[in-house]
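Novice: I am attaching a structure below and will ask some questions about it afterwards.
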2 protein chains.
Amino acid sequence: MNHMSIPRVLRTPVPVPQSAHCPRCIVRDACAPAGADASGAGAFDVLAGYRRRLERDETLLRRAQPLVALYVVRLGHLKATRPDRHGQPHVTAFHMAGDLIGLDAICAGHHACTVVALEDSEVCAIPYPEFQDALRASSQLMQRFHCAMSHEIVREQAALIQANTPAAERLAGFLLSLSARYAERGLSPNRFRLHMSRADIGNHLGLALESVSRLLTRFRDLGWIELDKRELVLRDPDKLEALLTAVPA
Amino acid sequence: MNHMSIPRVLRTPVPVPQSAHCPRCIVRDACAPAGADASGAGAFDVLAGYRRRLERDETLLRRAQPLVALYVVRLGHLKATRPDRHGQPHVTAFHMAGDLIGLDAICAGHHACTVVALEDSEVCAIPYPEFQDALRASSQLMQRFHCAMSHEIVREQAALIQANTPAAERLAGFLLSLSARYAERGLSPNRFRLHMSRADIGNHLGLALESVSRLLTRFRDLGWIELDKRELVLRDPDKLEALLTAVPA
DNA sequence: CGGGTTTTTGAACGCACTCAAGTGAAGTGG
DNA sequence: CCACTTCACTTGAGTGCGTTCAAAAACCCG
């Protein structure tokens with residue numbers, strides 16, 4: 001295999017301190033510090049030994065760039081966008097700690113999305129050729145990888161199904177999915193920050209930003225949420241949930 | 001690995017004659033007859049040696065069924081549906097020859113979608129445990145598989161982006177995507193049959209079936225298409241394409 | 001031919017959009 | 001430190017697109 005295409009910066013391992021989110025990471029025990037207890041480690045002991053810090057608004061990768069590495073978010077939040085038929089960017093996903101970025105690039109060999117940091121963030125880079133080697137070496141890693149891709153497919157199916165529901169359901173679903181993702185990470189499911197703008201939320205959900213604003217206000221007036229700028233408290237998640245499953249008259 | 005969970009019927013290889021669409025199949029040279037020229041073949045020489053015929057409206061697999069095998073469509077057309085939050089089925093995909101079915105089941109170990117034949121059809125079953133063995137044995141197959149999953153992700157992203165465009169653009173995009181898929185298979189891109197009902201199209205695109213009907217009539221009146229029942233002729237695909245990329249005033 | 005399904009066509013409504021104005025907070029420079 | 005700018009968000013009013021409701025027409029299959 002040819003590793004020559006990997007930028008030099010990626011090929012210089014740096015110490016990667018354990019993170020609270022490493023247990024969710026797909027390469028968790030193929031990563032140097034995480035598997036450090038096993039002295040010798042495996043063939044891929046420094047698989048994720050490459051970090052990258054990003055400032056707010058900094059671009060992790062641009063659409064059409066060749067696939068060099070997959071990324072796992074260590075810290076912070078990012079958004080992925082893809083241009084629509086008119087060239088206007090559409091927010092395809094919001095990424096948080098533990099998320100795997102770059103799966104859409106495997107197919108064509110170059111990235112379909114542009115990924116930008118919503119706040120100061122940090123990612124682990126997993127050089128793709130070495131990742132492929134590691135997949136061959138470890139059935140467990142391969143299974144986890146296939147699971148991750150499959151999960152992404154299922155998640156996007158669900159998003160597609162939600163895409164044509166009433167605006168209130170869509171927004172409630174979005175808030176609850178964020179809540180669930182924070183819960184998975186051991187964070188509070190009922191109190192978190194919306195790191196993205198109303199415009200980003202609207203764009204992602206296919207709503208005008210004014211609609212997002214109006215709906216958040218409505219949820220607040222109903223006592224279902226508390227909202228101060230971007231700080232959110234889910235005061236009555238069940239009401240939001242009920243909105244999704246309520247019979248349509 | 002445990003093959004005991006595979007129904008006996010799947011474990012009985014039957015001759016699978018070559019099909020025009022085999023070259024698109026992900027397991028093409030891991031399949032018995034396709035690789036038959038190499039006498040001995042590999043460790044997975046009968047990987048896809050299991051067929052299943054389906055009559056119109058027959059169910060290939062149901063949601064929540066455990067993942068036993070992936071399927072490749074040999075012949076015919078199928079639709080995949082998934083219930084929305086209210087239990088109403090939503091058409092997530094239409095499948096045709098060469099398509100791989102079941103990727104959404106890998107994650108949870110059971111299928112997320114119910115798949116039904118739209119006409120008399122035939123699929124090859126690929127027992128999943130043996131498929132995993134084959135992936136380990138062949139880097140080429142593994143790469144093709146990852147490409148297929150990635151492609152699915154990219155395709156669903158594109159569908160999500162289209163989900164909030166005007167109805168006419170959505171329908172035009174749908175017709176053109178069918179056209180492109182037939183072209184990939186060496187069939188006419190300008191003349192094909194809509195194997196699904198208007199209701200299925202509408203459900204898939206998030207439109208009322210009346211809207212689909214009205215738009216098809218409009219396209220016909222504009223001279224962009226010919227339509228007789230479900231037989232479609234794209235008379236002016238460029239006009240449909242222009243609809244997608246036209247600047248919004 | 002007759003019953004049921006699929007498709008077409010018409011009319012009126014309602015949701016979410018656009019347009020527009022205004023508020024508020026954060027950042028910048030004198 | 002305070003005017004000024006800028007950006008994000010909120011709120012209001014009116015409109016248009018795709019919906020629902022309704023009915024008729026066309027088609028399929030026995």
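A note on labels: chains of the structure tokens are A, B, ... as shown, every chain counts residues from 1, and ligands are counted from 1 in their shown order.
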What are the closest atom pairs, with distances in Å to one decimal, for all residues of chain D lying within 10 Å of chain A? Consider only C-alpha atoms (C1' of nucleotides), order rows by chain and residue number, and present the result as a Markdown table.

Specialist:
| residue | atom | partner | partner_atom | distance |
| --- | --- | --- | --- | --- |
| D:DA8 | C1' | A:Ser197 | CA | 7.8 |
| D:DC9 | C1' | A:Ser213 | CA | 7.4 |
| D:DT10 | C1' | A:Ser213 | CA | 7.0 |
| D:DT11 | C1' | A:Arg214 | CA | 8.3 |

Novice: Residues of chain B no more than 8 Å from chain A, counting only C-alpha atoms: send them over as a PyMOL selection string.

Specialist: chain B and resi 84-86+90+92+103-108+112+136+139+146-154+156-157+159-164+206+244-247

Novice: Please identify all residues of chain C having at least one atom at most 9 Å from any atom of chain A, considering only C-alpha atoms (C1' of nucleotides), and return them as a PDB file with N, CA and C atoms (P, O5', C5', C4', C3', O3' and C1' of nucleotides), in the first residue's frame.

Specialist:
ATOM      1  P    DC C  15     -52.436  25.041   9.983  1.00  0.00           P
ATOM      2  O5'  DC C  15     -50.936  24.554   9.771  1.00  0.00           O
ATOM      3  C5'  DC C  15     -50.670  23.503   8.859  1.00  0.00           C
ATOM      4  C4'  DC C  15     -49.438  23.838   8.051  1.00  0.00           C
ATOM      5  C3'  DC C  15     -48.291  24.415   8.874  1.00  0.00           C
ATOM      6  O3'  DC C  15     -47.124  23.706   8.541  1.00  0.00           O
ATOM      7  C1'  DC C  15     -48.797  25.871   7.070  1.00  0.00           C
ATOM      8  P    DA C  16     -45.821  23.735   9.483  1.00  0.00           P
ATOM      9  O5'  DA C  16     -44.805  24.638   8.646  1.00  0.00           O
ATOM     10  C5'  DA C  16     -44.424  24.222   7.348  1.00  0.00           C
ATOM     11  C4'  DA C  16     -43.941  25.408   6.547  1.00  0.00           C
ATOM     12  C3'  DA C  16     -42.793  26.194   7.191  1.00  0.00           C
ATOM     13  O3'  DA C  16     -41.805  26.394   6.208  1.00  0.00           O
ATOM     14  C1'  DA C  16     -44.508  27.656   6.526  1.00  0.00           C
ATOM     15  P    DC C  17     -40.417  27.113   6.491  1.00  0.00           P
ATOM     16  O5'  DC C  17     -40.366  28.199   5.312  1.00  0.00           O
ATOM     17  C5'  DC C  17     -40.737  27.782   4.007  1.00  0.00           C
ATOM     18  C4'  DC C  17     -41.093  28.982   3.153  1.00  0.00           C
ATOM     19  C3'  DC C  17     -40.096  30.127   3.274  1.00  0.00           C
ATOM     20  O3'  DC C  17     -39.393  30.322   2.071  1.00  0.00           O
ATOM     21  C1'  DC C  17     -42.343  30.914   3.615  1.00  0.00           C
TER      22       DC C  17
END

Novice: Mind checking DSSP for range 77-123 of chain A and telling me the strand (DSSP E or B) residues as a compact mmCIF listing (two decimals) with N, CA, C and O atoms, in the first residue's frame?

Specialist:
# COMPACT_ATOMS: atom_id res chain seq x y z
N LEU A 78 -18.77 20.30 15.38
CA LEU A 78 -18.53 20.70 13.99
C LEU A 78 -19.81 20.54 13.19
O LEU A 78 -20.74 19.85 13.62
N LYS A 79 -19.85 21.19 12.04
CA LYS A 79 -20.98 20.97 11.13
C LYS A 79 -20.45 20.56 9.78
O LYS A 79 -19.38 21.02 9.35
N ALA A 80 -21.21 19.69 9.11
CA ALA A 80 -20.86 19.26 7.76
C ALA A 80 -21.87 19.85 6.79
O ALA A 80 -23.07 19.80 7.05
N THR A 81 -21.40 20.42 5.71
CA THR A 81 -22.30 21.00 4.72
C THR A 81 -21.97 20.47 3.33
O THR A 81 -20.84 20.10 3.04
N ARG A 82 -23.00 20.47 2.50
CA ARG A 82 -22.85 20.02 1.13
C ARG A 82 -23.66 20.96 0.27
O ARG A 82 -24.79 21.28 0.63
N PRO A 83 -23.14 21.41 -0.85
CA PRO A 83 -23.92 22.34 -1.69
C PRO A 83 -25.12 21.65 -2.31
O PRO A 83 -25.05 20.49 -2.70
N PRO A 89 -25.07 26.07 0.39
CA PRO A 89 -24.69 25.01 1.33
C PRO A 89 -25.88 24.50 2.14
O PRO A 89 -26.73 25.28 2.58
N HIS A 90 -25.93 23.19 2.30
CA HIS A 90 -26.95 22.55 3.12
C HIS A 90 -26.25 21.81 4.25
O HIS A 90 -25.33 21.02 4.01
N VAL A 91 -26.69 22.03 5.47
CA VAL A 91 -26.07 21.39 6.63
C VAL A 91 -26.54 19.94 6.70
O VAL A 91 -27.71 19.67 6.99
N THR A 92 -25.65 19.00 6.44
CA THR A 92 -26.03 17.59 6.42
C THR A 92 -25.91 16.93 7.79
O THR A 92 -26.55 15.92 8.04
N ALA A 93 -25.06 17.49 8.66
CA ALA A 93 -24.89 16.87 9.97
C ALA A 93 -24.19 17.81 10.94
O ALA A 93 -23.44 18.70 10.54
N PHE A 94 -24.47 17.60 12.22
CA PHE A 94 -23.69 18.22 13.29
C PHE A 94 -22.92 17.12 13.99
O PHE A 94 -23.48 16.07 14.32
N HIS A 95 -21.65 17.33 14.18
CA HIS A 95 -20.80 16.31 14.80
C HIS A 95 -20.36 16.71 16.20
O HIS A 95 -20.08 17.89 16.44
N LEU A 100 -17.59 9.87 14.00
CA LEU A 100 -16.65 9.53 12.95
C LEU A 100 -16.97 10.37 11.72
O LEU A 100 -18.12 10.42 11.28
N ILE A 101 -15.97 11.05 11.18
CA ILE A 101 -16.17 11.96 10.05
C ILE A 101 -15.42 11.47 8.83
O ILE A 101 -14.26 11.07 8.94
N HIS A 110 -13.01 11.09 -2.58
CA HIS A 110 -12.88 12.48 -2.13
C HIS A 110 -14.13 12.87 -1.35
O HIS A 110 -15.21 12.30 -1.57
N THR A 114 -18.10 19.55 3.23
CA THR A 114 -17.14 20.44 3.87
C THR A 114 -17.45 20.44 5.36
O THR A 114 -18.62 20.52 5.74
N VAL A 115 -16.43 20.32 6.19
CA VAL A 115 -16.65 20.25 7.63
C VAL A 115 -15.94 21.40 8.33
O VAL A 115 -14.74 21.63 8.12
N VAL A 116 -16.71 22.14 9.12
CA VAL A 116 -16.21 23.35 9.79
C VAL A 116 -16.47 23.24 11.29
O VAL A 116 -17.51 22.72 11.71
N ALA A 117 -15.54 23.74 12.09
CA ALA A 117 -15.71 23.72 13.54
C ALA A 117 -16.68 24.81 13.98
O ALA A 117 -16.59 25.96 13.55
N SER A 121 -12.17 23.07 18.65
CA SER A 121 -12.39 21.63 18.67
C SER A 121 -11.08 20.88 18.45
O SER A 121 -10.05 21.47 18.13
N GLU A 122 -11.18 19.57 18.62
CA GLU A 122 -10.00 18.75 18.40
C GLU A 122 -10.44 17.41 17.83
O GLU A 122 -11.43 16.84 18.29
N VAL A 123 -9.71 16.93 16.84
CA VAL A 123 -10.03 15.64 16.23
C VAL A 123 -8.80 14.75 16.21
O VAL A 123 -7.67 15.23 16.24

Novice: Among range 6-245 of chain A, which residues carry a DSSP assignment of alpha helix (DSSP H), reported as a VMD selection string?

Specialist: chain A and resid 128 to 137 139 to 162 167 to 184 198 to 205 209 to 221 237 to 245

Novice: Please, could you write that set of residues out with C-alpha atoms as a CSV table (one decimal), in the first residue's frame?

Specialist:
chain,number,residue,atom,x,y,z
A,128,TYR,CA,-7.1,5.8,5.7
A,129,PRO,CA,-4.6,3.3,4.2
A,130,GLU,CA,-3.4,2.4,7.7
A,131,PHE,CA,-7.0,2.1,8.8
A,132,GLN,CA,-7.7,-0.4,6.0
A,133,ASP,CA,-4.7,-2.4,7.1
A,134,ALA,CA,-6.1,-2.4,10.7
A,135,LEU,CA,-9.5,-3.5,9.4
A,136,ARG,CA,-7.9,-6.6,7.9
A,137,ALA,CA,-6.0,-7.3,11.1
A,139,SER,CA,-12.3,-8.5,12.9
A,140,GLN,CA,-13.6,-6.6,15.9
A,141,LEU,CA,-12.5,-3.3,14.4
A,142,MET,CA,-14.1,-4.3,11.1
A,143,GLN,CA,-17.4,-5.1,12.7
A,144,ARG,CA,-17.4,-1.9,14.6
A,145,PHE,CA,-16.6,0.0,11.4
A,146,HIS,CA,-19.4,-1.7,9.5
A,147,CYS,CA,-21.8,-1.0,12.4
A,148,ALA,CA,-20.8,2.7,12.3
A,149,MET,CA,-21.5,2.9,8.6
A,150,SER,CA,-24.8,1.0,8.9
A,151,HIS,CA,-25.8,3.2,11.8
A,152,GLU,CA,-25.1,6.3,9.7
A,153,ILE,CA,-27.4,4.9,6.9
A,154,VAL,CA,-30.2,4.2,9.4
A,155,ARG,CA,-29.8,7.6,10.9
A,156,GLU,CA,-30.1,9.3,7.5
A,157,GLN,CA,-33.1,7.2,6.7
A,158,ALA,CA,-34.8,8.4,9.9
A,159,ALA,CA,-33.9,12.0,8.9
A,160,LEU,CA,-35.5,11.5,5.5
A,161,ILE,CA,-38.7,10.2,7.1
A,162,GLN,CA,-38.8,13.2,9.4
A,167,ALA,CA,-42.1,21.9,11.4
A,168,ALA,CA,-42.8,21.5,15.2
A,169,GLU,CA,-42.3,17.8,15.0
A,170,ARG,CA,-39.1,18.2,13.1
A,171,LEU,CA,-37.7,20.7,15.6
A,172,ALA,CA,-38.8,18.6,18.6
A,173,GLY,CA,-37.2,15.5,17.0
A,174,PHE,CA,-34.0,17.5,16.5
A,175,LEU,CA,-33.8,18.6,20.1
A,176,LEU,CA,-34.5,15.1,21.3
A,177,SER,CA,-31.9,13.6,19.1
A,178,LEU,CA,-29.3,16.0,20.4
A,179,SER,CA,-30.5,15.1,23.9
A,180,ALA,CA,-30.1,11.4,23.2
A,181,ARG,CA,-26.6,11.9,21.8
A,182,TYR,CA,-25.5,13.8,24.8
A,183,ALA,CA,-27.0,11.1,27.0
A,184,GLU,CA,-25.0,8.4,25.1
A,198,ARG,CA,-30.8,29.2,14.3
A,199,ALA,CA,-29.9,29.6,10.7
A,200,ASP,CA,-27.9,26.3,10.8
A,201,ILE,CA,-30.7,24.5,12.6
A,202,GLY,CA,-33.2,25.8,10.0
A,203,ASN,CA,-31.0,24.9,7.1
A,204,HIS,CA,-30.4,21.4,8.5
A,205,LEU,CA,-34.1,20.8,9.1
A,209,LEU,CA,-34.7,30.4,10.5
A,210,GLU,CA,-37.7,32.5,11.5
A,211,SER,CA,-39.7,29.3,11.8
A,212,VAL,CA,-37.1,27.8,14.1
A,213,SER,CA,-37.1,31.0,16.3
A,214,ARG,CA,-40.9,31.0,16.4
A,215,LEU,CA,-41.1,27.3,17.4
A,216,LEU,CA,-38.5,27.6,20.1
A,217,THR,CA,-40.5,30.6,21.5
A,218,ARG,CA,-43.6,28.5,21.4
A,219,PHE,CA,-42.0,25.6,23.2
A,220,ARG,CA,-40.7,28.0,25.8
A,221,ASP,CA,-44.1,29.6,26.2
A,237,PRO,CA,-39.1,16.1,27.1
A,238,ASP,CA,-42.2,13.9,27.2
A,239,LYS,CA,-44.3,16.7,25.8
A,240,LEU,CA,-41.8,17.0,22.9
A,241,GLU,CA,-41.9,13.2,22.5
A,242,ALA,CA,-45.6,13.2,22.5
A,243,LEU,CA,-45.6,15.7,19.7
A,244,LEU,CA,-43.8,13.2,17.5
A,245,THR,CA,-46.1,10.2,18.2

Novice: Quick check, in Å to one decimal: how far apart do CA of Glu119 in chain A and C1' of DG22 in chain C lie?

Specialist: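 Computing it gives 28.9 Å between the two atoms.
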
Novice: Quick one: residues within 12 Å of DA13 in chain D, only C-alpha atoms (C1' of nucleotides) counted, chain neighbours fewer than 3 positions away excluded, as a PDB file with N, CA, C and O atoms (P, O5', C5', C4', C3', O3' and C1' of nucleotides), in the first residue's frame?

Specialist:
ATOM      1  P    DT C  18     -38.143  31.342   2.165  1.00  0.00           P
ATOM      2  O5'  DT C  18     -38.837  32.729   1.785  1.00  0.00           O
ATOM      3  C5'  DT C  18     -39.559  32.867   0.573  1.00  0.00           C
ATOM      4  C4'  DT C  18     -40.150  34.261   0.483  1.00  0.00           C
ATOM      5  C3'  DT C  18     -39.112  35.374   0.631  1.00  0.00           C
ATOM      6  O3'  DT C  18     -39.356  36.362  -0.363  1.00  0.00           O
ATOM      7  C1'  DT C  18     -40.818  35.645   2.258  1.00  0.00           C
ATOM      8  P    DC C  19     -38.306  37.527  -0.598  1.00  0.00           P
ATOM      9  O5'  DC C  19     -38.942  38.752   0.211  1.00  0.00           O
ATOM     10  C5'  DC C  19     -40.291  39.128  -0.047  1.00  0.00           C
ATOM     11  C4'  DC C  19     -40.755  40.160   0.959  1.00  0.00           C
ATOM     12  C3'  DC C  19     -39.749  41.277   1.241  1.00  0.00           C
ATOM     13  O3'  DC C  19     -40.434  42.518   1.197  1.00  0.00           O
ATOM     14  C1'  DC C  19     -40.487  40.310   3.257  1.00  0.00           C
ATOM     15  P    DA C  20     -39.647  43.889   1.251  1.00  0.00           P
ATOM     16  O5'  DA C  20     -39.812  44.317   2.780  1.00  0.00           O
ATOM     17  C5'  DA C  20     -41.095  44.278   3.379  1.00  0.00           C
ATOM     18  C4'  DA C  20     -40.988  44.621   4.852  1.00  0.00           C
ATOM     19  C3'  DA C  20     -39.838  45.576   5.206  1.00  0.00           C
ATOM     20  O3'  DA C  20     -40.349  46.670   5.937  1.00  0.00           O
ATOM     21  C1'  DA C  20     -39.861  43.710   6.654  1.00  0.00           C
ATOM     22  P    DA C  21     -39.490  47.961   6.224  1.00  0.00           P
ATOM     23  O5'  DA C  21     -39.535  47.998   7.816  1.00  0.00           O
ATOM     24  C5'  DA C  21     -40.760  47.691   8.475  1.00  0.00           C
ATOM     25  C4'  DA C  21     -40.466  47.297   9.903  1.00  0.00           C
ATOM     26  C3'  DA C  21     -39.447  48.211  10.590  1.00  0.00           C
ATOM     27  O3'  DA C  21     -40.002  48.712  11.786  1.00  0.00           O
ATOM     28  C1'  DA C  21     -38.900  45.928  10.910  1.00  0.00           C
TER      29       DA C  21
END
